file coords_27.csv (CSV, C-alpha atoms and all ligand atoms)
chain,number,residue,atom,x,y,z
X,1,MET,CA,0.0,0.0,0.0
X,2,ALA,CA,1.3,3.4,-0.9
X,3,LYS,CA,2.1,5.8,1.9
X,4,LEU,CA,3.1,9.4,2.6
X,5,TYR,CA,6.5,9.4,4.3
X,6,PHE,CA,8.0,12.4,6.0
X,7,ASN,CA,11.8,12.1,6.6
X,8,TYR,CA,12.7,15.1,8.8
X,9,SER,CA,16.1,16.2,10.1
X,10,VAL,CA,18.0,19.0,11.5
X,11,MET,CA,20.5,20.9,9.4
X,12,ASN,CA,23.7,19.2,8.0
X,13,ALA,CA,22.3,15.8,8.8
X,14,GLY,CA,22.8,14.4,5.3
X,15,LYS,CA,19.1,14.9,4.4
X,16,SER,CA,19.7,15.4,0.7
X,17,ALA,CA,22.2,12.6,0.5
X,18,HIS,CA,19.6,10.3,2.0
X,19,LEU,CA,17.0,11.5,-0.6
X,20,LEU,CA,19.5,11.0,-3.5
X,21,LEU,CA,20.4,7.5,-2.3
X,22,VAL,CA,16.7,6.5,-2.3
X,23,ARG,CA,16.3,8.0,-5.7
X,24,HIS,CA,19.4,6.2,-7.0
X,25,ASN,CA,18.0,2.9,-5.7
X,26,TYR,CA,14.7,3.4,-7.6
X,27,ILE,CA,16.5,4.3,-10.8
X,28,GLU,CA,19.0,1.4,-10.5
X,29,ASN,CA,15.9,-0.7,-10.4
X,30,GLY,CA,14.7,0.7,-13.7
X,31,ASP,CA,11.9,2.7,-12.0
X,32,LYS,CA,10.8,6.2,-13.0
X,33,VAL,CA,10.7,8.6,-10.1
X,34,LEU,CA,9.6,12.2,-9.9
X,35,LEU,CA,11.7,14.6,-7.8
X,36,PHE,CA,10.2,17.9,-6.6
X,37,THR,CA,11.9,20.7,-4.7
X,38,SER,CA,11.0,24.3,-3.9
X,39,VAL,CA,12.1,27.3,-6.0
X,40,LYS,CA,13.0,28.8,-2.7
X,41,ASP,CA,16.0,26.4,-2.4
X,42,ASP,CA,18.5,28.0,-4.8
X,43,ARG,CA,21.7,27.0,-2.9
X,44,SER,CA,22.9,24.8,-5.8
X,45,GLY,CA,20.8,26.5,-8.5
X,46,ILE,CA,17.0,26.3,-8.9
X,47,GLY,CA,15.7,22.8,-9.7
X,48,LYS,CA,18.7,21.0,-8.3
X,49,VAL,CA,18.9,18.7,-5.2
X,50,ALA,CA,22.5,18.6,-4.2
X,51,SER,CA,24.2,17.0,-1.2
X,52,ARG,CA,27.4,18.2,0.5
X,53,ILE,CA,29.0,14.9,-0.3
X,54,GLY,CA,29.0,15.9,-4.0
X,55,ILE,CA,26.1,14.1,-5.6
X,56,SER,CA,23.2,15.9,-7.1
X,57,ALA,CA,20.1,15.4,-9.3
X,58,ASP,CA,17.7,17.6,-11.3
X,59,ALA,CA,14.4,18.3,-9.8
X,60,ILE,CA,11.1,20.0,-10.7
X,61,ALA,CA,11.2,23.3,-8.8
X,62,VAL,CA,7.7,24.3,-7.7
X,63,SER,CA,6.4,27.7,-6.8
X,64,PRO,CA,3.7,28.2,-4.1
X,65,GLU,CA,1.1,28.4,-6.8
X,66,ASP,CA,2.0,25.1,-8.5
X,67,ASP,CA,-0.1,22.1,-8.0
X,68,ILE,CA,2.1,19.1,-7.3
X,69,PHE,CA,-0.7,16.6,-7.7
X,70,ASP,CA,-1.6,18.0,-11.1
X,71,ILE,CA,2.0,17.8,-12.3
X,72,ALA,CA,2.5,14.3,-10.9
X,73,GLN,CA,-0.8,13.1,-12.5
X,74,LYS,CA,0.2,14.4,-15.9
X,75,LEU,CA,3.7,13.0,-15.9
X,76,ASN,CA,2.3,9.6,-14.6
X,77,ALA,CA,-0.1,9.6,-17.5
X,78,GLU,CA,2.8,10.1,-20.0
X,79,SER,CA,4.7,7.2,-18.6
X,80,PRO,CA,4.0,5.3,-15.3
X,81,VAL,CA,5.8,6.6,-12.3
X,82,THR,CA,6.9,4.3,-9.4
X,83,ALA,CA,7.4,6.9,-6.7
X,84,VAL,CA,7.3,10.6,-6.0
X,85,LEU,CA,10.0,12.2,-4.0
X,86,VAL,CA,9.8,15.7,-2.5
X,87,ASP,CA,12.6,17.7,-1.0
X,88,GLU,CA,12.4,20.9,1.2
X,89,VAL,CA,8.9,20.2,2.5
X,90,GLN,CA,9.3,23.2,4.9
X,91,PHE,CA,9.3,25.6,1.9
X,92,MET,CA,6.1,24.2,0.4
X,93,THR,CA,2.6,25.5,1.1
X,94,PRO,CA,0.1,23.5,3.4
X,95,GLU,CA,-2.0,23.0,0.2
X,96,GLN,CA,1.0,21.4,-1.6
X,97,VAL,CA,1.4,19.0,1.4
X,98,TYR,CA,-2.3,18.1,0.9
X,99,GLN,CA,-1.6,17.5,-2.8
X,100,MET,CA,1.2,15.1,-1.8
X,101,SER,CA,-1.3,13.1,0.2
X,102,GLU,CA,-3.5,13.0,-2.9
X,103,ILE,CA,-0.7,11.5,-4.9
X,104,VAL,CA,-0.8,8.6,-2.4
X,105,ASP,CA,-4.6,8.3,-2.1
X,106,THR,CA,-5.7,9.0,-5.7
X,107,LEU,CA,-2.7,7.9,-7.8
X,108,GLU,CA,-1.8,5.2,-5.3
X,109,LEU,CA,1.9,6.1,-5.6
X,110,PRO,CA,4.3,6.2,-2.6
X,111,CYS,CA,5.2,9.8,-1.8
X,112,LEU,CA,8.5,10.2,0.1
X,113,THR,CA,9.3,13.6,1.4
X,114,TRP,CA,12.2,15.3,3.2
X,115,GLY,CA,12.4,18.5,5.2
X,116,LEU,CA,13.4,20.3,8.3
X,117,LYS,CA,10.9,20.0,11.2
X,118,ASN,CA,12.1,22.9,13.4
X,119,ASN,CA,13.5,26.3,12.7
X,120,PHE,CA,16.4,27.7,14.8
X,121,GLN,CA,13.9,29.3,17.2
X,122,GLY,CA,12.7,25.9,18.3
X,123,GLN,CA,9.3,26.0,16.6
X,124,LEU,CA,7.8,24.0,13.8
X,125,PHE,CA,9.4,25.4,10.6
X,126,SER,CA,6.2,26.4,8.7
X,127,PRO,CA,2.5,25.6,8.3
X,128,ALA,CA,3.5,23.1,5.6
X,129,VAL,CA,5.5,21.1,8.2
X,130,GLU,CA,2.5,21.3,10.6
X,131,ASN,CA,0.3,19.9,7.9
X,132,MET,CA,2.8,17.2,7.0
X,133,LEU,CA,3.1,16.0,10.6
X,134,ALA,CA,-0.7,15.7,10.6
X,135,LEU,CA,-1.0,13.9,7.3
X,136,ALA,CA,2.0,11.7,7.0
X,137,ASP,CA,1.6,7.9,7.4
X,138,GLU,CA,5.2,7.5,8.5
X,139,ILE,CA,7.5,10.0,10.2
X,140,ASN,CA,11.1,9.2,10.3
X,141,LEU,CA,14.0,11.2,11.9
X,142,ILE,CA,17.3,11.2,10.0
X,143,LYS,CA,19.7,10.9,12.9
X,144,THR,CA,22.7,13.0,13.6
X,145,VAL,CA,24.5,13.9,16.7
X,146,CYS,CA,25.2,17.0,18.8
X,147,HIS,CA,28.8,18.0,19.6
X,148,CYS,CA,28.2,16.3,23.0
X,149,GLY,CA,27.3,12.9,21.4
X,150,LYS,CA,23.6,13.1,22.1
X,151,ARG,CA,21.1,13.0,19.3
X,152,ALA,CA,20.7,16.4,17.7
X,153,THR,CA,17.1,17.5,17.4
X,154,MET,CA,17.5,21.3,17.4
X,155,ILE,CA,19.1,24.0,15.2
X,156,LEU,CA,21.2,26.9,16.5
X,157,LYS,CA,21.9,29.9,14.2
X,158,TYR,CA,24.9,32.0,15.1
X,159,ASN,CA,26.6,35.2,14.0
X,160,PRO,CA,30.1,35.3,12.5
X,161,ASP,CA,31.4,36.2,16.0
X,162,GLY,CA,29.8,33.1,17.5
X,163,SER,CA,26.9,34.9,19.3
X,164,ILE,CA,23.5,33.2,18.9
X,165,VAL,CA,20.9,34.6,16.6
X,166,GLN,CA,17.5,34.8,18.5
X,167,GLY,CA,15.2,36.4,16.0
X,168,GLY,CA,15.0,37.5,12.4
X,169,GLU,CA,14.2,35.8,9.2
X,170,VAL,CA,13.2,32.1,9.7
X,171,VAL,CA,12.7,31.0,6.2
X,172,GLU,CA,16.1,31.5,4.8
X,173,THR,CA,18.3,29.2,2.7
X,174,GLY,CA,22.0,29.0,2.3
X,175,GLY,CA,24.7,30.0,4.9
X,176,GLU,CA,24.5,26.5,6.4
X,177,SER,CA,27.9,27.0,7.8
X,178,ARG,CA,26.4,29.3,10.4
X,179,TYR,CA,23.8,26.8,11.5
X,180,VAL,CA,24.7,24.0,13.8
X,181,SER,CA,22.5,21.1,14.9
X,182,VAL,CA,22.6,20.3,18.6
X,183,CYS,CA,20.7,18.5,21.3
X,184,ARG,CA,17.9,20.3,23.1
X,185,LYS,CA,20.0,21.1,26.2
X,186,HIS,CA,22.8,22.7,24.2
X,187,TRP,CA,20.2,24.5,22.1
X,188,LYS,CA,18.8,26.0,25.4
X,189,GLU,CA,22.3,27.0,26.4
X,190,GLY,CA,23.2,28.4,23.0
X,191,ASN,CA,26.3,26.1,23.0
X,192,ILE,CA,27.5,25.8,19.4
X,193,GLY,CA,30.3,23.3,20.4
X,194,PRO,CA,34.1,23.3,20.1
X,195,ARG,CA,34.2,22.8,16.3
X,196,ALA,CA,32.0,25.7,15.5
X,197,ARG,CA,33.8,27.9,18.1
X,198,GLN,CA,37.1,26.9,16.5
X,199,ALA,CA,35.8,28.0,13.1
X,200,VAL,CA,34.7,31.3,14.6
X,201,PHE,CA,38.1,31.8,16.2
X,202,GLU,CA,39.9,30.9,12.9
X,203,ALA,CA,37.7,33.5,11.2
X,204,GLY,CA,39.4,36.1,13.3
X,205,TYR,CA,37.0,36.5,16.2
X,206,GLY,CA,37.8,35.9,19.9
X,207,THR,CA,40.8,36.5,22.0
X,208,LYS,CA,44.0,34.7,21.1
X,209,VAL,CA,46.5,33.1,23.6
X,210,VAL,CA,50.0,32.8,22.1
X,211,CYS,CA,52.7,30.6,23.5
X,212,GLN,CA,55.7,32.9,23.5
X,213,SER,CA,58.1,29.9,23.1
X,214,CYS,CA,56.6,28.1,20.1
X,215,GLU,CA,54.2,30.9,18.9
X,216,THR,CA,51.3,28.5,18.7
X,217,VAL,CA,48.0,30.3,18.9
X,218,PHE,CA,45.1,29.0,21.1
X,219,PRO,CA,41.6,30.3,21.5
X,220,SER,CA,41.1,31.9,24.9
X,221,ILE,CA,38.7,30.2,27.3
X,222,PHE,CA,37.3,33.3,29.1
X,223,GLY,CA,38.5,36.0,26.8
X,224,ASP,CA,41.7,36.2,29.0
X,225,PRO,CA,44.8,36.5,26.8
X,226,GLU,CA,46.7,34.2,29.1
X,227,GLN,CA,44.3,31.3,29.5
X,228,ALA,CA,43.4,28.7,26.8
X,229,ASN,CA,42.8,25.0,26.8
X,230,ASP,CA,46.3,23.5,26.7
X,231,CYS,CA,48.0,26.8,27.1
X,232,ALA,CA,47.4,28.4,30.5
X,233,ALA,CA,50.8,28.9,32.1
X,234,LYS,CA,53.3,31.7,32.3
X,235,LEU,CA,57.1,31.8,32.5
X,236,GLU,CA,58.4,34.6,34.7
X,237,GLY,CA,62.1,34.5,35.5
X,238,ASP,CA,62.9,30.8,36.0
X,239,LYS,CA,59.4,30.0,37.3
X,240,ILE,CA,56.4,28.6,35.5
X,241,SER,CA,53.0,29.1,37.1
X,242,GLY,CA,50.0,27.3,35.7
X,243,PHE,CA,46.2,28.0,35.7
X,244,PHE,CA,42.9,26.3,34.8
X,245,GLY,CA,43.1,25.2,31.2
X,246,SER,CA,46.6,23.7,31.4
X,247,THR,CA,46.7,20.0,31.5
X,248,VAL,CA,50.2,19.8,33.0
X,249,ALA,CA,50.5,22.9,35.1
X,250,ASP,CA,47.0,23.8,36.4
X,251,ALA,CA,47.6,25.3,39.9
X,252,CYS,CA,51.2,24.2,39.9
X,253,GLU,CA,54.6,25.9,39.9
X,254,PHE,CA,57.7,24.7,38.2
X,255,HIS,CA,61.3,25.8,38.3
X,256,PHE,CA,64.0,25.5,35.7
X,257,ALA,CA,66.5,23.6,37.8
X,258,ARG,CA,69.5,24.4,35.7
X,259,GLY,CA,68.8,27.7,34.3
X,260,VAL,CA,66.2,28.8,31.7
X,261,PRO,CA,67.0,27.4,28.3
X,262,GLU,CA,67.2,29.8,25.4
X,263,GLU,CA,64.1,28.4,23.6
X,264,ALA,CA,61.9,29.1,26.7
X,265,LYS,CA,60.6,32.7,26.2
X,266,GLN,CA,59.2,34.8,29.0
X,267,GLY,CA,55.4,35.0,29.2
X,268,VAL,CA,52.7,32.6,28.2
X,269,ILE,CA,53.9,29.0,27.6
X,270,CYS,CA,51.8,26.1,26.3
X,271,ASP,CA,51.5,22.6,27.6
X,272,ALA,CA,53.4,21.1,24.7
X,273,CYS,CA,56.4,23.3,25.5
X,274,ILE,CA,56.2,22.6,29.2
X,275,ARG,CA,56.0,18.8,28.5
X,276,GLY,CA,59.1,19.1,26.3
X,277,HIS,CA,61.1,20.8,29.2
X,278,LEU,CA,59.8,18.1,31.6
X,279,GLN,CA,60.9,15.3,29.3
X,280,GLU,CA,64.3,17.0,29.0
X,281,GLY,CA,64.6,16.9,32.8
X,282,ARG,CA,64.9,20.6,33.0
X,283,LEU,CA,61.9,21.4,35.1
X,284,LEU,CA,61.1,20.6,38.7
X,285,ARG,CA,57.6,20.9,40.1
X,286,THR,CA,58.0,23.0,43.2
X,287,SER,CA,54.5,23.5,44.4
X,288,SER,CA,50.9,22.8,43.8
X,289,TRP,CA,47.8,24.4,45.3
X,290,PHE,CA,46.3,20.9,45.5
X,291,ASP,CA,48.7,19.6,48.1
X,292,ASN,CA,49.4,21.3,51.4
X,293,ASP,CA,51.9,18.8,52.9
X,294,PRO,CA,54.9,18.1,52.6
X,295,PRO,CA,56.5,20.2,49.8
X,296,ARG,CA,57.1,18.2,46.7
X,297,ASN,CA,60.4,19.8,46.1
X,298,ALA,CA,62.3,18.2,49.1
X,299,ALA,CA,63.6,15.1,47.3
X,300,PRO,CA,64.3,16.5,43.9
X,301,LEU,CA,66.0,19.6,45.1
X,302,ALA,CA,68.2,17.6,47.4
X,303,ALA,CA,69.3,15.7,44.4
X,304,LEU,CA,70.3,18.8,42.6
X,305,SER,CA,73.6,19.3,44.3
X,306,VAL,CA,75.0,16.4,42.4
X,307,ALA,CA,72.5,16.6,39.6
X,308,THR,CA,73.1,15.1,36.2
X,309,ASN,CA,70.3,15.0,33.7
X,310,ASP,CA,69.6,11.4,34.6
X,311,ASP,CA,69.4,12.2,38.3
X,312,ILE,CA,67.0,15.0,37.6
X,313,ARG,CA,64.8,12.8,35.4
X,314,GLU,CA,64.7,10.1,38.0
X,315,ALA,CA,63.9,12.6,40.7
X,316,ILE,CA,61.1,14.1,38.6
X,317,ALA,CA,59.7,10.7,37.7
X,318,LYS,CA,59.7,9.8,41.4
X,319,SER,CA,58.0,13.0,42.4
X,320,MET,CA,55.4,12.7,39.6
X,321,GLU,CA,54.7,9.1,40.8
X,322,GLU,CA,54.2,10.4,44.4
X,323,GLN,CA,51.8,13.0,43.2
X,324,GLU,CA,49.5,10.4,41.5
X,401,ZN,ZN,24.5,18.4,23.2
X,402,ZN,ZN,54.5,26.3,23.1

call {"tool": "encode", "arguments": {"input": "coords_27.csv", "output": "structure tokens", "more": "lines below"}}
Ligand SMILES: [Zn+2]
Ligand SMILES: [Zn+2]
result
Amino acid sequence: MAKLYFNYSVMNAGKSAHLLLVRHNYIENGDKVLLFTSVKDDRSGIGKVASRIGISADAIAVSPEDDIFDIAQKLNAESPVTAVLVDEVQFMTPEQVYQMSEIVDTLELPCLTWGLKNNFQGQLFSPAVENMLALADEINLIKTVCHCGKRATMILKYNPDGSIVQGGEVVETGGESRYVSVCRKHWKEGNIGPRARQAVFEAGYGTKVVCQSCETVFPSIFGDPEQANDCAAKLEGDKISGFFGSTVADACEFHFARGVPEEAKQGVICDACIRGHLQEGRLLRTSSWFDNDPPRNAAPLAALSVATNDDIREAIAKSMEEQE
């Protein structure tokens, strides 16, 4: 029995790829399928369904005044059609969604449709979507995940600087790079996730934290020019103090036991550089805010009077072991 299917998704979930795969399977089978899309979707040219993975197909682009049932009926009379596929349901009119149900009920052809369910404001995208949810025989979510790993069911829209767009034009195509699909919790929080934030940062927004030694640039955590993930420590004199964000030096102090090497520059220093100095046996951890008793430096510093690199390495390894 023919049915009306609604395959809905959030943005960037591979919706068009899914549609094109279904179409491909029909055509491989020698079947004739009709493919409709909206004139409002002009991202890859009007009358084209294209997926970001590089495949595309020509489609019949309909305007709001077009009758999809009429078109399908005529084309089916010319030569029999096996199925009708419709992309961008959210841009159709409620009447056109009704016409899709007529393709099923009158022509007895399966009608498979794809579209977005929600807009970025967390409401149903359009009256067409409302109508489709009411009329469809089968509703299927094309699954994709949020940056946290949970299922993404919502869409966030953000400005070039990473701030969240709350209002404005809902029916808008293109610019998918500034939409991100997230779980409901992260949608409420307006959390676009690390990858989108990194892209914002690379586009030149946000505060940079620069390791003075290796000149690697990191995005600041709190807008502080000295605090980033993996780069939140500072070399002053022969002492390195670390802060939240550093994976090796958070709330710790280190000393260069045998003088500051030339490649260690004063100022912000990243974890990779600190690790390098640790591996070379140049650094001793002298204090940590996490431990009150007894000072970690006792054993390693005693070893210093006769220190060779090997002695220092051993002392550091021992002191690291004790700290765990
Ligand atoms: Zn999430
Ligand atoms: Zn560095």

call {"tool": "residues_near_ligand", "arguments": {"input": "coords_27.csv", "ligand": "ligand ZN 402 (chain X)", "cutoff": "6 Å", "atoms": "only C-alpha atoms and all ligand atoms", "output": "PyMOL selection string"}}
result
chain X and resi 211+213-214+216+269-270+272-273

call {"tool": "residues_around", "arguments": {"input": "coords_27.csv", "residues": "segment 228-245 of chain X", "least_positions_apart": "4", "cutoff": "10 Å", "atoms": "all atoms listed in the file", "output": "PyMOL selection string"}}
result
chain X and resi 207-213+216-224+249-261+264-274+283-288

call {"tool": "closest_atom_pairs", "arguments": {"input": "coords_27.csv", "of": "chain X", "to": "ligand ZN 401 (chain X)", "cutoff": "12 Å", "atoms": "all atoms listed in the file", "output": "Markdown table"}}
result
| residue | atom | partner | partner_atom | distance |
| --- | --- | --- | --- | --- |
| X:Thr144 | CA | X:ZN401 | ZN | 11.2 |
| X:Val145 | CA | X:ZN401 | ZN | 7.9 |
| X:Cys146 | CA | X:ZN401 | ZN | 4.7 |
| X:His147 | CA | X:ZN401 | ZN | 5.6 |
| X:Cys148 | CA | X:ZN401 | ZN | 4.3 |
| X:Gly149 | CA | X:ZN401 | ZN | 6.4 |
| X:Lys150 | CA | X:ZN401 | ZN | 5.5 |
| X:Arg151 | CA | X:ZN401 | ZN | 7.5 |
| X:Ala152 | CA | X:ZN401 | ZN | 7.0 |
| X:Thr153 | CA | X:ZN401 | ZN | 9.4 |
| X:Met154 | CA | X:ZN401 | ZN | 9.5 |
| X:Ile155 | CA | X:ZN401 | ZN | 11.2 |
| X:Leu156 | CA | X:ZN401 | ZN | 11.3 |
| X:Val180 | CA | X:ZN401 | ZN | 10.9 |
| X:Ser181 | CA | X:ZN401 | ZN | 9.0 |
| X:Val182 | CA | X:ZN401 | ZN | 5.3 |
| X:Cys183 | CA | X:ZN401 | ZN | 4.2 |
| X:Arg184 | CA | X:ZN401 | ZN | 6.9 |
| X:Lys185 | CA | X:ZN401 | ZN | 6.0 |
| X:His186 | CA | X:ZN401 | ZN | 4.7 |
| X:Trp187 | CA | X:ZN401 | ZN | 7.5 |
| X:Lys188 | CA | X:ZN401 | ZN | 9.8 |
| X:Glu189 | CA | X:ZN401 | ZN | 9.4 |
| X:Gly190 | CA | X:ZN401 | ZN | 10.1 |
| X:Asn191 | CA | X:ZN401 | ZN | 7.9 |
| X:Ile192 | CA | X:ZN401 | ZN | 8.8 |
| X:Gly193 | CA | X:ZN401 | ZN | 8.1 |
| X:Pro194 | CA | X:ZN401 | ZN | 11.2 |

call {"tool": "residues_around", "arguments": {"input": "coords_27.csv", "residues": "Leu133 of chain X", "least_positions_apart": "6", "cutoff": "10 Å", "atoms": "all atoms listed in the file", "output": "list in words"}}
result
Tyr5, Phe6, Tyr8, Val97, Lys117, Leu124, Pro127 and Ile139 of chain X

call {"tool": "residues_around", "arguments": {"input": "coords_27.csv", "residues": "Phe125 of chain X", "least_positions_apart": "4", "cutoff": "7 Å", "atoms": "only C-alpha atoms", "output": "PDB file with C-alpha atoms, keeping the file's coordinate frame"}}
result
ATOM      1  CA  GLN X  90       9.300  23.200   4.900  1.00  0.00           C
ATOM      2  CA  LEU X 116      13.400  20.300   8.300  1.00  0.00           C
ATOM      3  CA  LYS X 117      10.900  20.000  11.200  1.00  0.00           C
ATOM      4  CA  ASN X 118      12.100  22.900  13.400  1.00  0.00           C
ATOM      5  CA  ASN X 119      13.500  26.300  12.700  1.00  0.00           C
ATOM      6  CA  VAL X 129       5.500  21.100   8.200  1.00  0.00           C
TER       7      VAL X 129
END

call {"tool": "residues_around", "arguments": {"input": "coords_27.csv", "residues": "segment 18-21 of chain X", "least_positions_apart": "3", "cutoff": "10 Å", "atoms": "all atoms listed in the file", "output": "tab-separated table (two decimals) with C-alpha atoms, keeping the file's coordinate frame"}}
result
chain	number	residue	atom	x	y	z
X	7	ASN	CA	11.80	12.10	6.60
X	13	ALA	CA	22.30	15.80	8.80
X	14	GLY	CA	22.80	14.40	5.30
X	15	LYS	CA	19.10	14.90	4.40
X	24	HIS	CA	19.40	6.20	-7.00
X	25	ASN	CA	18.00	2.90	-5.70
X	26	TYR	CA	14.70	3.40	-7.60
X	27	ILE	CA	16.50	4.30	-10.80
X	35	LEU	CA	11.70	14.60	-7.80
X	49	VAL	CA	18.90	18.70	-5.20
X	50	ALA	CA	22.50	18.60	-4.20
X	51	SER	CA	24.20	17.00	-1.20
X	55	ILE	CA	26.10	14.10	-5.60
X	56	SER	CA	23.20	15.90	-7.10
X	57	ALA	CA	20.10	15.40	-9.30
X	85	LEU	CA	10.00	12.20	-4.00
X	86	VAL	CA	9.80	15.70	-2.50
X	87	ASP	CA	12.60	17.70	-1.00
X	112	LEU	CA	8.50	10.20	0.10
X	113	THR	CA	9.30	13.60	1.40
X	114	TRP	CA	12.20	15.30	3.20
X	142	ILE	CA	17.30	11.20	10.00

call {"tool": "atom_distance", "arguments": {"input": "coords_27.csv", "atom1": "atom CA of Ala59 of chain X", "atom2": "atom CA of Phe36 of chain X"}}
result
5.3 Å

call {"tool": "residues_around", "arguments": {"input": "coords_27.csv", "residues": "Ile103 of chain X", "least_positions_apart": "4", "cutoff": "9 Å", "atoms": "all atoms listed in the file", "output": "PyMOL selection string"}}
result
chain X and resi 4+68-69+72-73+84+98-99+107-111

call {"tool": "atom_distance", "arguments": {"input": "coords_27.csv", "atom1": "atom CA of Val10 of chain X", "atom2": "atom CA of Ala203 of chain X"}}
result
24.5 Å

call {"tool": "atom_distance", "arguments": {"input": "coords_27.csv", "atom1": "atom CA of Gln121 of chain X", "atom2": "atom CA of Glu202 of chain X"}}
result
26.4 Å

call {"tool": "residues_near_point", "arguments": {"input": "coords_27.csv", "point": "(-2.8, 21.8, -2.3)", "cutoff": "10 Å", "atoms": "all atoms listed in the file", "output": "list of chain:residue names"}}
result
X:Pro64, X:Glu65, X:Asp66, X:Asp67, X:Ile68, X:Phe69, X:Asp70, X:Met92, X:Thr93, X:Pro94, X:Glu95, X:Gln96, X:Val97, X:Tyr98, X:Gln99, X:Met100, X:Ser101, X:Glu102

call {"tool": "closest_residue", "arguments": {"input": "coords_27.csv", "among": "X:Glu78, X:Asn12, X:Ala134, X:Lys3", "to": "Tyr179 of chain X", "atoms": "only C-alpha atoms"}}
result
X:Asn12
